[in-house]
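Here is the file entry22.cif (mmCIF, C-alpha atoms and all ligand atoms).
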data_structure
#
loop_
_atom_site.label_atom_id
_atom_site.label_comp_id
_atom_site.auth_asym_id
_atom_site.auth_seq_id
_atom_site.Cartn_x
_atom_site.Cartn_y
_atom_site.Cartn_z
CA MET A 1 81.49 114.67 104.58
CA ALA A 2 80.84 116.50 107.79
CA LEU A 3 77.64 116.24 109.86
CA ASP A 4 75.54 119.30 110.60
CA GLN A 5 76.66 121.02 113.79
CA GLU A 6 73.70 120.02 115.91
CA THR A 7 73.86 116.33 114.98
CA PHE A 8 77.59 116.31 115.63
CA ALA A 9 77.18 118.01 119.03
CA LEU A 10 74.62 115.36 120.00
CA LEU A 11 76.95 112.56 118.90
CA LYS A 12 79.88 114.03 120.78
CA GLU A 13 77.81 114.37 123.94
CA SER A 14 76.59 110.77 123.73
CA VAL A 15 80.16 109.52 123.23
CA ARG A 16 81.33 111.67 126.16
CA ARG A 17 78.62 110.22 128.39
CA PHE A 18 79.27 106.66 127.18
CA VAL A 19 82.96 107.03 128.02
CA GLN A 20 82.38 108.58 131.43
CA GLU A 21 79.34 106.55 132.53
CA ARG A 22 79.93 103.15 130.92
CA LEU A 23 83.59 102.75 130.02
CA VAL A 24 85.42 104.43 132.93
CA PRO A 25 83.46 102.38 135.53
CA ASN A 26 84.40 99.18 133.65
CA GLU A 27 88.14 99.89 133.45
CA ASP A 28 89.06 97.64 136.38
CA ARG A 29 87.00 94.78 135.01
CA VAL A 30 88.81 94.99 131.66
CA GLU A 31 92.19 95.15 133.40
CA HIS A 32 91.47 92.11 135.57
CA GLU A 33 89.57 89.96 133.06
CA ASP A 34 91.73 90.96 130.07
CA GLU A 35 88.53 91.18 128.01
CA VAL A 36 86.16 93.93 126.91
CA PRO A 37 82.72 92.70 128.12
CA ALA A 38 80.33 91.58 125.38
CA GLU A 39 77.56 93.89 126.59
CA ILE A 40 79.87 96.90 126.21
CA ILE A 41 80.74 95.83 122.66
CA ALA A 42 77.00 95.59 121.92
CA GLU A 43 76.52 99.15 123.21
CA MET A 44 79.42 100.34 121.05
CA LYS A 45 77.64 98.90 118.02
CA GLU A 46 74.39 100.62 118.98
CA LEU A 47 76.18 103.96 119.30
CA GLY A 48 77.63 103.53 115.81
CA LEU A 49 81.25 103.56 116.96
CA PHE A 50 82.34 100.90 114.45
CA GLY A 51 81.24 103.12 111.58
CA LEU A 52 82.46 106.54 112.70
CA SER A 53 84.65 107.13 109.65
CA ILE A 54 82.63 105.22 107.05
CA PRO A 55 80.43 107.42 104.83
CA GLU A 56 76.67 107.32 105.37
CA GLU A 57 76.08 105.81 101.92
CA TYR A 58 77.93 102.71 103.16
CA GLY A 59 76.06 102.58 106.46
CA GLY A 60 78.41 104.55 108.72
CA ILE A 61 78.24 107.94 110.41
CA GLY A 62 80.65 109.54 107.94
CA LEU A 63 82.63 111.86 110.18
CA SER A 64 85.15 114.23 108.67
CA MET A 65 88.67 113.96 110.08
CA SER A 66 88.07 117.14 112.10
CA GLU A 67 85.03 115.53 113.68
CA GLU A 68 86.74 112.19 114.17
CA VAL A 69 89.56 113.72 116.22
CA GLU A 70 87.02 115.47 118.49
CA ILE A 71 85.46 112.05 119.14
CA GLY A 72 88.99 110.65 119.60
CA PHE A 73 89.66 113.24 122.32
CA GLU A 74 86.69 111.72 124.23
CA LEU A 75 87.49 108.07 123.51
CA GLY A 76 91.10 108.51 124.61
CA GLN A 77 90.01 109.41 128.12
CA THR A 78 89.54 105.82 129.18
CA ALA A 79 91.44 102.52 129.01
CA LEU A 80 92.75 102.22 125.46
CA ALA A 81 91.48 98.64 125.16
CA PHE A 82 87.93 99.90 124.63
CA ARG A 83 88.81 101.88 121.51
CA SER A 84 90.87 99.02 120.19
CA VAL A 85 87.74 96.86 119.74
CA PHE A 86 86.38 99.15 117.01
CA GLY A 87 89.60 101.02 116.20
CA THR A 88 90.62 98.79 113.31
CA ASN A 89 87.13 99.11 111.77
CA VAL A 90 87.26 102.89 112.01
CA GLY A 91 90.84 103.10 110.78
CA ILE A 92 93.43 100.80 109.33
CA GLY A 93 91.15 97.79 108.68
CA SER A 94 88.53 99.63 106.62
CA GLN A 95 90.15 102.70 105.11
CA GLY A 96 92.08 100.89 102.38
CA ILE A 97 88.78 99.55 101.03
CA LEU A 98 87.18 102.99 101.28
CA MET A 99 90.10 104.92 99.77
CA ASP A 100 91.15 102.59 96.97
CA GLY A 101 88.53 99.82 96.74
CA THR A 102 86.19 99.30 93.80
CA GLU A 103 82.58 100.35 94.23
CA GLU A 104 81.61 96.69 94.47
CA GLN A 105 84.20 96.04 97.21
CA ARG A 106 82.97 99.05 99.16
CA ARG A 107 79.34 97.96 98.89
CA THR A 108 80.17 94.38 99.87
CA TYR A 109 82.28 95.07 102.94
CA LEU A 110 81.86 98.58 104.34
CA PRO A 111 78.21 98.31 105.51
CA LYS A 112 79.07 95.23 107.60
CA ILE A 113 82.24 96.86 108.92
CA ALA A 114 80.28 100.00 109.81
CA THR A 115 77.82 98.10 112.00
CA GLY A 116 80.48 95.92 113.61
CA GLU A 117 78.98 92.76 112.10
CA TYR A 118 82.43 92.32 110.54
CA ILE A 119 85.59 93.19 112.44
CA PHE A 120 88.42 93.96 110.03
CA SER A 121 92.13 93.86 110.87
CA PHE A 122 95.08 95.39 109.06
CA ALA A 123 97.80 92.87 108.22
CA LEU A 124 101.03 94.60 107.20
CA THR A 125 103.70 93.85 109.85
CA GLU A 126 105.67 90.60 109.65
CA PRO A 127 108.33 88.95 111.82
CA GLY A 128 110.99 90.40 109.48
CA ALA A 129 109.20 93.57 108.32
CA GLY A 130 108.22 96.17 110.92
CA SER A 131 109.49 99.70 110.30
CA ASP A 132 110.78 98.53 106.92
CA ALA A 133 107.28 97.66 105.77
CA ALA A 134 108.20 97.57 102.07
CA SER A 135 110.45 94.55 102.67
CA LEU A 136 107.53 92.28 103.53
CA LYS A 137 107.81 88.67 102.38
CA THR A 138 104.25 87.30 102.45
CA SER A 139 103.73 86.12 98.88
CA ALA A 140 100.63 86.10 96.72
CA VAL A 141 101.09 84.01 93.57
CA LEU A 142 98.53 84.06 90.77
CA ASP A 143 97.02 80.64 90.00
CA GLY A 144 94.11 80.88 87.56
CA ASP A 145 91.66 83.41 88.96
CA HIS A 146 92.99 83.14 92.52
CA TYR A 147 96.08 84.25 94.40
CA VAL A 148 97.75 81.71 96.66
CA ILE A 149 98.97 83.42 99.83
CA ASN A 150 101.82 82.23 102.05
CA GLY A 151 103.46 84.03 104.96
CA THR A 152 103.10 85.21 108.54
CA LYS A 153 101.74 88.52 109.78
CA ARG A 154 102.67 89.66 113.29
CA PHE A 155 101.02 91.62 116.16
CA ILE A 156 97.73 91.79 114.26
CA THR A 157 95.23 93.72 116.36
CA ASN A 158 91.77 92.13 116.60
CA ALA A 159 92.76 89.08 114.54
CA VAL A 160 90.94 86.85 117.04
CA ARG A 161 87.79 88.90 116.62
CA ALA A 162 88.13 89.41 112.86
CA GLN A 163 85.92 88.31 110.01
CA GLY A 164 88.40 89.73 107.52
CA PHE A 165 91.80 91.26 106.88
CA THR A 166 93.17 94.04 104.75
CA LEU A 167 96.34 92.19 103.83
CA MET A 168 99.51 93.43 102.16
CA ALA A 169 101.37 90.74 100.19
CA ARG A 170 103.99 90.60 97.46
CA THR A 171 102.46 89.79 94.08
CA ASP A 172 105.64 90.54 92.11
CA ALA A 173 108.45 88.34 93.42
CA ALA A 174 110.96 90.08 91.15
CA ASN A 175 110.21 93.48 92.73
CA LYS A 176 111.56 93.40 96.28
CA GLY A 177 110.42 96.96 97.03
CA ALA A 178 107.16 98.83 97.53
CA GLY A 179 106.05 98.39 93.89
CA GLY A 180 105.80 94.60 94.25
CA ILE A 181 103.14 94.80 96.97
CA SER A 182 99.36 94.50 96.57
CA ALA A 183 96.55 94.97 99.08
CA PHE A 184 93.90 92.24 99.41
CA ILE A 185 90.60 91.78 101.17
CA VAL A 186 90.88 88.36 102.80
CA PRO A 187 87.88 86.76 104.52
CA ARG A 188 88.88 85.09 107.81
CA ASP A 189 87.14 81.84 106.87
CA THR A 190 89.44 81.30 103.87
CA PRO A 191 90.95 77.80 104.25
CA GLY A 192 94.68 77.97 105.10
CA ILE A 193 94.50 80.77 107.68
CA THR A 194 95.45 80.01 111.27
CA LEU A 195 96.10 82.23 114.26
CA GLY A 196 99.07 82.14 116.63
CA LYS A 197 98.67 82.34 120.38
CA ILE A 198 97.51 85.66 121.79
CA ASP A 199 100.47 87.93 122.61
CA LYS A 200 101.17 88.74 126.27
CA LYS A 201 101.80 92.47 126.30
CA MET A 202 103.20 95.10 128.67
CA GLY A 203 99.84 96.84 128.93
CA GLN A 204 96.55 97.54 127.19
CA ARG A 205 94.96 94.46 128.74
CA GLY A 206 91.76 93.62 126.88
CA THR A 207 93.35 94.30 123.48
CA LYS A 208 94.04 91.23 121.39
CA THR A 209 96.99 90.77 119.06
CA CYS A 210 98.49 87.63 117.55
CA ASP A 211 100.20 86.20 114.49
CA VAL A 212 98.11 85.36 111.43
CA ILE A 213 99.58 82.53 109.38
CA PHE A 214 98.71 81.99 105.71
CA GLU A 215 99.44 78.56 104.24
CA ASN A 216 98.31 78.23 100.65
CA ALA A 217 95.29 80.42 101.35
CA ARG A 218 93.45 80.93 98.05
CA VAL A 219 91.93 84.36 97.60
CA PRO A 220 90.00 85.43 94.47
CA ALA A 221 92.01 87.79 92.25
CA ALA A 222 88.94 90.05 92.40
CA ASN A 223 89.82 90.69 96.07
CA ILE A 224 92.80 92.88 95.21
CA ILE A 225 91.81 96.29 96.54
CA GLY A 226 90.84 98.48 93.59
CA GLY A 227 91.59 95.56 91.23
CA LYS A 228 95.12 96.93 90.71
CA PRO A 229 98.20 94.94 91.70
CA GLY A 230 101.39 96.73 92.73
CA VAL A 231 99.87 99.71 94.55
CA GLY A 232 99.17 98.06 97.91
CA PHE A 233 102.06 99.77 99.68
CA LYS A 234 100.72 103.18 98.74
CA THR A 235 97.28 102.17 99.99
CA ALA A 236 98.87 101.11 103.28
CA MET A 237 100.76 104.40 103.61
CA LYS A 238 97.64 106.48 102.92
CA VAL A 239 95.73 104.44 105.48
CA LEU A 240 98.52 105.05 107.99
CA ASP A 241 98.50 108.83 107.38
CA ARG A 242 94.90 108.88 108.48
CA GLY A 243 95.50 106.35 111.26
CA ARG A 244 98.31 108.49 112.65
CA LEU A 245 95.94 111.44 113.09
CA HIS A 246 93.40 109.19 114.78
CA ILE A 247 96.06 107.86 117.18
CA SER A 248 97.12 111.46 117.86
CA SER A 249 93.61 112.30 119.03
CA ILE A 250 93.46 109.22 121.26
CA SER A 251 96.86 110.08 122.76
CA THR A 252 95.65 113.60 123.45
CA GLY A 253 92.50 112.29 125.14
CA MET A 254 94.68 110.11 127.37
CA SER A 255 96.91 113.10 128.22
CA LYS A 256 93.77 114.85 129.43
CA ARG A 257 92.78 111.88 131.58
CA LEU A 258 96.26 111.62 133.09
CA LEU A 259 96.21 115.31 133.95
CA LYS A 260 92.83 114.87 135.62
CA GLU A 261 94.09 111.88 137.65
CA ALA A 262 97.26 113.74 138.66
CA ALA A 263 95.57 117.05 139.53
CA THR A 264 92.84 115.29 141.55
CA TYR A 265 95.36 113.20 143.47
CA ALA A 266 97.58 116.24 144.11
CA SER A 267 94.60 118.16 145.50
CA GLU A 268 93.62 115.31 147.86
CA ARG A 269 96.99 113.99 148.99
CA LYS A 270 98.40 115.81 152.03
CA GLN A 271 102.08 115.96 153.04
CA PHE A 272 103.90 118.42 155.28
CA GLY A 273 100.45 119.54 156.48
CA GLN A 274 98.99 120.60 153.13
CA ALA A 275 97.75 119.30 149.80
CA ILE A 276 100.76 118.48 147.61
CA ALA A 277 99.11 120.54 144.82
CA GLU A 278 100.12 123.59 146.84
CA PHE A 279 103.81 122.84 146.33
CA GLN A 280 105.35 124.62 143.38
CA LEU A 281 107.39 121.60 142.25
CA ILE A 282 104.11 119.67 141.83
CA GLN A 283 102.51 122.69 140.17
CA GLY A 284 105.40 122.78 137.71
CA MET A 285 104.64 119.22 136.58
CA LEU A 286 100.90 119.94 136.32
CA ALA A 287 101.62 123.10 134.32
CA ASP A 288 103.85 121.15 131.92
CA MET A 289 101.08 118.58 131.45
CA GLN A 290 98.48 121.29 130.78
CA THR A 291 100.75 123.14 128.35
CA GLU A 292 101.54 120.02 126.34
CA LEU A 293 97.88 119.01 126.35
CA TYR A 294 96.91 122.37 124.90
CA ALA A 295 99.65 122.14 122.28
CA ALA A 296 98.52 118.61 121.36
CA GLU A 297 94.85 119.58 121.03
CA SER A 298 95.70 122.57 118.87
CA MET A 299 98.04 120.59 116.67
CA VAL A 300 95.66 117.70 116.13
CA ARG A 301 92.77 120.02 115.30
CA ASP A 302 94.95 121.83 112.78
CA GLY A 303 96.28 118.57 111.30
CA ALA A 304 92.74 117.20 110.94
CA ALA A 305 91.48 120.39 109.28
CA ARG A 306 94.35 120.21 106.80
CA TYR A 307 93.60 116.54 106.16
CA ASP A 308 90.01 117.49 105.31
CA ALA A 309 91.34 120.25 103.04
CA ARG A 310 93.60 117.66 101.31
CA ASP A 311 96.80 119.48 102.18
CA PRO A 312 99.58 117.86 100.11
CA GLN A 313 101.92 118.11 103.12
CA MET A 314 99.74 115.56 104.94
CA PRO A 315 102.14 112.65 105.33
CA MET A 316 104.55 115.01 107.09
CA LEU A 317 101.88 116.75 109.16
CA ALA A 318 100.28 113.50 110.27
CA ALA A 319 103.72 112.24 111.29
CA CYS A 320 104.34 115.49 113.24
CA CYS A 321 101.04 115.03 115.08
CA LYS A 322 101.71 111.40 115.93
CA TYR A 323 105.29 112.09 116.98
CA PHE A 324 104.40 114.99 119.25
CA THR A 325 101.20 113.67 120.83
CA THR A 326 102.45 110.15 121.56
CA GLU A 327 105.70 111.42 123.06
CA ALA A 328 103.70 114.00 125.03
CA VAL A 329 101.38 111.39 126.50
CA GLY A 330 104.45 109.38 127.51
CA ARG A 331 105.74 112.42 129.42
CA ALA A 332 102.25 113.00 130.87
CA ALA A 333 102.09 109.42 132.15
CA ASP A 334 105.54 109.72 133.67
CA ARG A 335 104.62 112.96 135.47
CA ALA A 336 101.30 111.50 136.64
CA VAL A 337 103.14 108.57 138.23
CA GLN A 338 105.69 110.95 139.77
CA ILE A 339 102.94 113.11 141.29
CA HIS A 340 101.35 109.99 142.77
CA GLY A 341 104.66 109.05 144.43
CA GLY A 342 104.79 105.43 145.63
CA ALA A 343 101.06 105.08 144.97
CA GLY A 344 101.78 105.63 141.27
CA TYR A 345 103.60 102.31 141.18
CA ILE A 346 100.64 100.39 142.61
CA ASN A 347 98.23 98.69 140.25
CA GLU A 348 95.04 99.87 141.93
CA TYR A 349 95.85 103.46 140.93
CA LYS A 350 94.92 104.07 137.32
CA VAL A 351 98.12 105.90 136.44
CA GLU A 352 100.22 102.74 136.89
CA ARG A 353 98.36 100.93 134.14
CA PHE A 354 97.98 103.98 131.90
CA TYR A 355 101.77 104.41 132.13
CA ARG A 356 102.12 100.92 130.64
CA ASP A 357 99.23 101.36 128.21
CA VAL A 358 100.52 104.53 126.56
CA ARG A 359 103.94 103.04 125.84
CA LEU A 360 102.48 101.32 122.80
CA LEU A 361 101.36 104.62 121.25
CA ARG A 362 104.97 105.48 120.42
CA LEU A 363 105.44 102.13 118.69
CA TYR A 364 102.44 101.15 116.59
CA GLU A 365 101.33 102.76 113.32
CA GLY A 366 104.98 103.79 112.98
CA THR A 367 107.51 104.30 115.77
CA SER A 368 108.54 107.81 116.80
CA GLN A 369 111.74 107.28 114.81
CA ILE A 370 109.74 106.45 111.65
CA GLN A 371 107.70 109.62 112.20
CA GLN A 372 110.95 111.61 112.49
CA LEU A 373 112.16 110.00 109.28
CA VAL A 374 108.92 110.83 107.42
CA ILE A 375 109.03 114.42 108.72
CA ALA A 376 112.67 114.99 107.79
CA ARG A 377 112.42 113.31 104.37
CA ASN A 378 109.42 115.41 103.41
CA LEU A 379 110.78 118.71 104.65
CA LEU A 380 114.09 118.14 102.84
CA LYS A 381 112.24 117.12 99.66
CA ASN A 382 110.27 120.36 99.73
CA LEU A 383 113.22 122.58 100.54
CA GLY A 384 113.12 125.64 98.35
CA ASN A 385 109.39 125.30 97.52
N1 LIG B 1 101.01 108.36 100.82
C1 LIG B 1 101.04 107.93 99.53
N2 LIG B 1 102.13 107.32 99.00
C2 LIG B 1 103.21 107.16 99.79
C3 LIG B 1 103.24 107.59 101.13
C4 LIG B 1 102.08 108.21 101.64
N3 LIG B 1 102.02 108.65 102.89
N4 LIG B 1 104.44 107.31 101.67
C5 LIG B 1 105.16 106.71 100.70
N5 LIG B 1 104.41 106.62 99.57
C6 LIG B 1 104.83 106.09 98.26
C7 LIG B 1 106.07 106.79 97.80
O1 LIG B 1 105.72 107.97 97.08
C8 LIG B 1 106.71 105.77 96.92
O2 LIG B 1 106.07 105.76 95.66
P1 LIG B 1 106.93 105.76 94.28
O3 LIG B 1 107.70 104.47 94.34
O4 LIG B 1 105.90 105.80 93.21
O5 LIG B 1 107.81 106.96 94.33
C9 LIG B 1 106.37 104.45 97.60
O6 LIG B 1 105.22 104.72 98.41
C10 LIG B 1 107.50 103.95 98.48
O7 LIG B 1 107.79 104.95 99.41
P2 LIG B 1 109.21 105.10 100.11
O8 LIG B 1 110.27 104.98 99.06
O9 LIG B 1 109.19 106.32 100.95
O10 LIG B 1 109.25 103.78 101.00
P3 LIG B 1 110.32 103.29 102.05
O11 LIG B 1 110.46 101.84 101.93
O12 LIG B 1 111.55 104.13 102.00
O13 LIG B 1 109.64 103.49 103.50
C11 LIG B 1 108.49 104.31 105.41
C12 LIG B 1 108.77 104.38 103.90
C13 LIG B 1 109.71 103.97 106.26
C14 LIG B 1 108.00 105.69 105.78
C15 LIG B 1 107.39 103.26 105.61
O14 LIG B 1 107.90 101.97 105.39
C16 LIG B 1 106.73 103.31 106.97
O15 LIG B 1 105.85 104.13 107.23
N6 LIG B 1 107.13 102.39 107.87
C17 LIG B 1 106.46 102.21 109.12
C18 LIG B 1 105.39 101.20 108.92
C19 LIG B 1 104.37 101.27 110.00
O16 LIG B 1 103.85 102.31 110.33
N7 LIG B 1 104.08 100.11 110.54
C20 LIG B 1 103.09 100.00 111.51
C21 LIG B 1 102.31 98.81 111.17
S1 LIG B 1 100.64 99.05 111.17
S2 LIG B 1 100.16 99.13 113.06
#
Encoding of this model in structure tokens:
Amino acid sequence: MALDQETFALLKESVRRFVQERLVPNEDRVEHEDEVPAEIIAEMKELGLFGLSIPEEYGGIGLSMSEEVEIGFELGQTALAFRSVFGTNVGIGSQGILMDGTEEQRRTYLPKIATGEYIFSFALTEPGAGSDAASLKTSAVLDGDHYVINGTKRFITNAVRAQGFTLMARTDAANKGAGGISAFIVPRDTPGITLGKIDKKMGQRGTKTCDVIFENARVPAANIIGGKPGVGFKTAMKVLDRGRLHISSISTGMSKRLLKEAATYASERKQFGQAIAEFQLIQGMLADMQTELYAAESMVRDGAARYDARDPQMPMLAACCKYFTTEAVGRAADRAVQIHGGAGYINEYKVERFYRDVRLLRLYEGTSQIQQLVIARNLLKNLGN
């Protein structure tokens, strides 16, 4: 459900100001301390950022997808670690419960997720199951009225901050494919759950990922999302369709920031007696950045509007958006570094770290190659329609 225009405009303006006045000035601190400061997280909670996508009846703000991407365009304009703190609550950690959960599950978990009292992570990827998500091996075996869970989940964002997981595990050992998988709500304090050491990553300092290890963790059978075993893979895919649009908006926001950094630097930096922005070869790179930014904004707005209109082509369109916008921000980061020359390789200039940060966008929530596969499969399936 969408907000009325005036309320949404006010929200967008407060997010814009929060990003520009609170987050941008704290980027260096996050980079050097590898932590998002607690006072910033408290302000995020006050602003309602943890509950952006959760309907008002469950304590959130209840943005439509079209509204969420507009907020994403703002949030993407700063270090990506900030968004990551509440990103799993807005997206992949909560949406399975919202989309397919029982009313009781929604009422139990969503209000706490919406306020940030609970951080929820999405646990799908495993050491042996990345792109081939349906091959996951984590097992959930029924024992009385509980499932006993064993397995390891990998690169789980926010696991160290989490109070709970949306976990995909195999409940039907005989079915090695998607139909053997169920989605569970797993409280973090369930005995038998341990965390691996925090991953050292190429970029996005301040984000936290690690392994989550399940050893005979007993979870009530009532915690299967929607109470239905065997449909967890579909829940995960639906969650990812939405997540891919969200990531597209963040990528587009970051393209805008990179263009701003590059254009500002080019206007200030002088060589051969004039600002380098006056050279046509620099202008060519800036023009390419602007053109791709415009294409990305237009595409994401269209994709989000179609999501809200429940367009049946959505898995393909969301994949198109993620593929284009994440590749585009990679090109934007590369051009921004190039325009900065040697300075672009130095850590104190923002473009050096953004170049590393954006590399992840083409990998998580489905690599570019998985997006290509989803796009091609769907277009071939619909050939002749
Ligand atoms: N929405 C609803 N249902 C979907 C769906 C979607 N977007 N995509 C697939 N499904 C359904 C299919 O319809 C199929 O159902 P039926 O068995 O009833 O026909 C089932 O799910 C299995 O789908 P499919 O056969 O396409 O599965 P595959 O194993 O071939 O793999 C890909 C599908 C590769 C697209 C999937 O594994 C994927 O997205 N991988 C990337 C995972 C990822 O993004 N990981 C990031 C981790 S989270 S940061």
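CA of Tyr323 (chain A) is found 5.9 Å from CA of Gln371 (chain A).
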I want to know what sits within 7 Å of region 113-119 of chain A, based on all atoms listed in the file, with residues of the same chain fewer than 2 positions away left out; could you give that as a list of chain:residue names? A:Lys45, A:Gly48, A:Phe50, A:Gly51, A:Ile54, A:Gly59, A:Gly60, A:Asn89, A:Tyr109, A:Leu110, A:Pro111, A:Ser121, A:Arg161, A:Ala162, A:Gln163, A:Gly164
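Using only C-alpha atoms, every residue with an atom at most 6 Å from the point (93.6, 92.0, 119.5) is listed here: Thr157, Asn158, Ala159, Thr207, Lys208 and Thr209 of chain A.
Each of A:Asn26, A:Gln105, A:Gln372, A:Ser53 was compared to ligand LIG 1 (chain B) using all atoms listed in the file, and A:Gln372 turns out to be the nearest.
When CA of Leu142 (chain A) is paired with CA of Thr102 (chain A), their separation reads 19.8 Å.
With all atoms listed in the file taken into account, the protein and nucleic acid residues at most 9 Å from Thr326 (chain A) (excluding it and anything under 5 positions from it in its own chain) are Ile247, Ser248, Ser251, Thr252, Cys321, Arg331, Val358, Arg359, Leu360, Leu361, Arg362 and Ser368 of chain A.
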Neighbours of Arg83 (chain A) within 12 Å (all atoms listed in the file; same-chain residues fewer than 6 positions away dropped), as JSON, numbers by chain? {"A": [15, 19, 23, 36, 40, 41, 44, 49, 50, 52, 71, 72, 73, 74, 75, 76, 77, 89, 90, 91, 157, 158, 204, 206, 207, 208, 246, 247, 249, 250, 251, 253, 254]}
Out of A:Lys350, A:Lys238, A:Arg335, A:Arg244, which residue has the shortest atom-to-atom distance to ligand LIG 1 (chain B) when counting all atoms listed in the file? A:Lys238
Residues within 8 Å of Asn223 (chain A), please, as number ranges by chain. Count all atoms listed in the file; anything in the same chain fewer than 3 positions from it doesn't count. A: 105, 184-186, 219-220, 227
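Here atom C17 of ligand LIG 1 (chain B) stands at a distance of 6.5 Å from CA of Gly130 (chain A).
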Nearest residue to ligand LIG 1 (chain B) from the set A:Glu35, A:Glu278, A:Glu126, A:Glu103 (distances using all atoms listed in the file): A:Glu126
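Taking only C-alpha atoms and all ligand atoms into account, ligand LIG 1 (chain B) lies nearest to A:Met314 out of the set A:Met314, A:Leu293, A:Ile213, A:Ala277.
If only C-alpha atoms and all ligand atoms are the atoms counted, then among A:Glu104, A:Asp145, A:Glu365, A:Glu292 the closest residue to ligand LIG 1 (chain B) is A:Glu365.
Minimum atom-to-atom distance to ligand LIG 1 (chain B), evaluated using all atoms listed in the file, belongs to A:Gly366 out of A:Gly93, A:Gly151, A:Gly366, A:Gly180.
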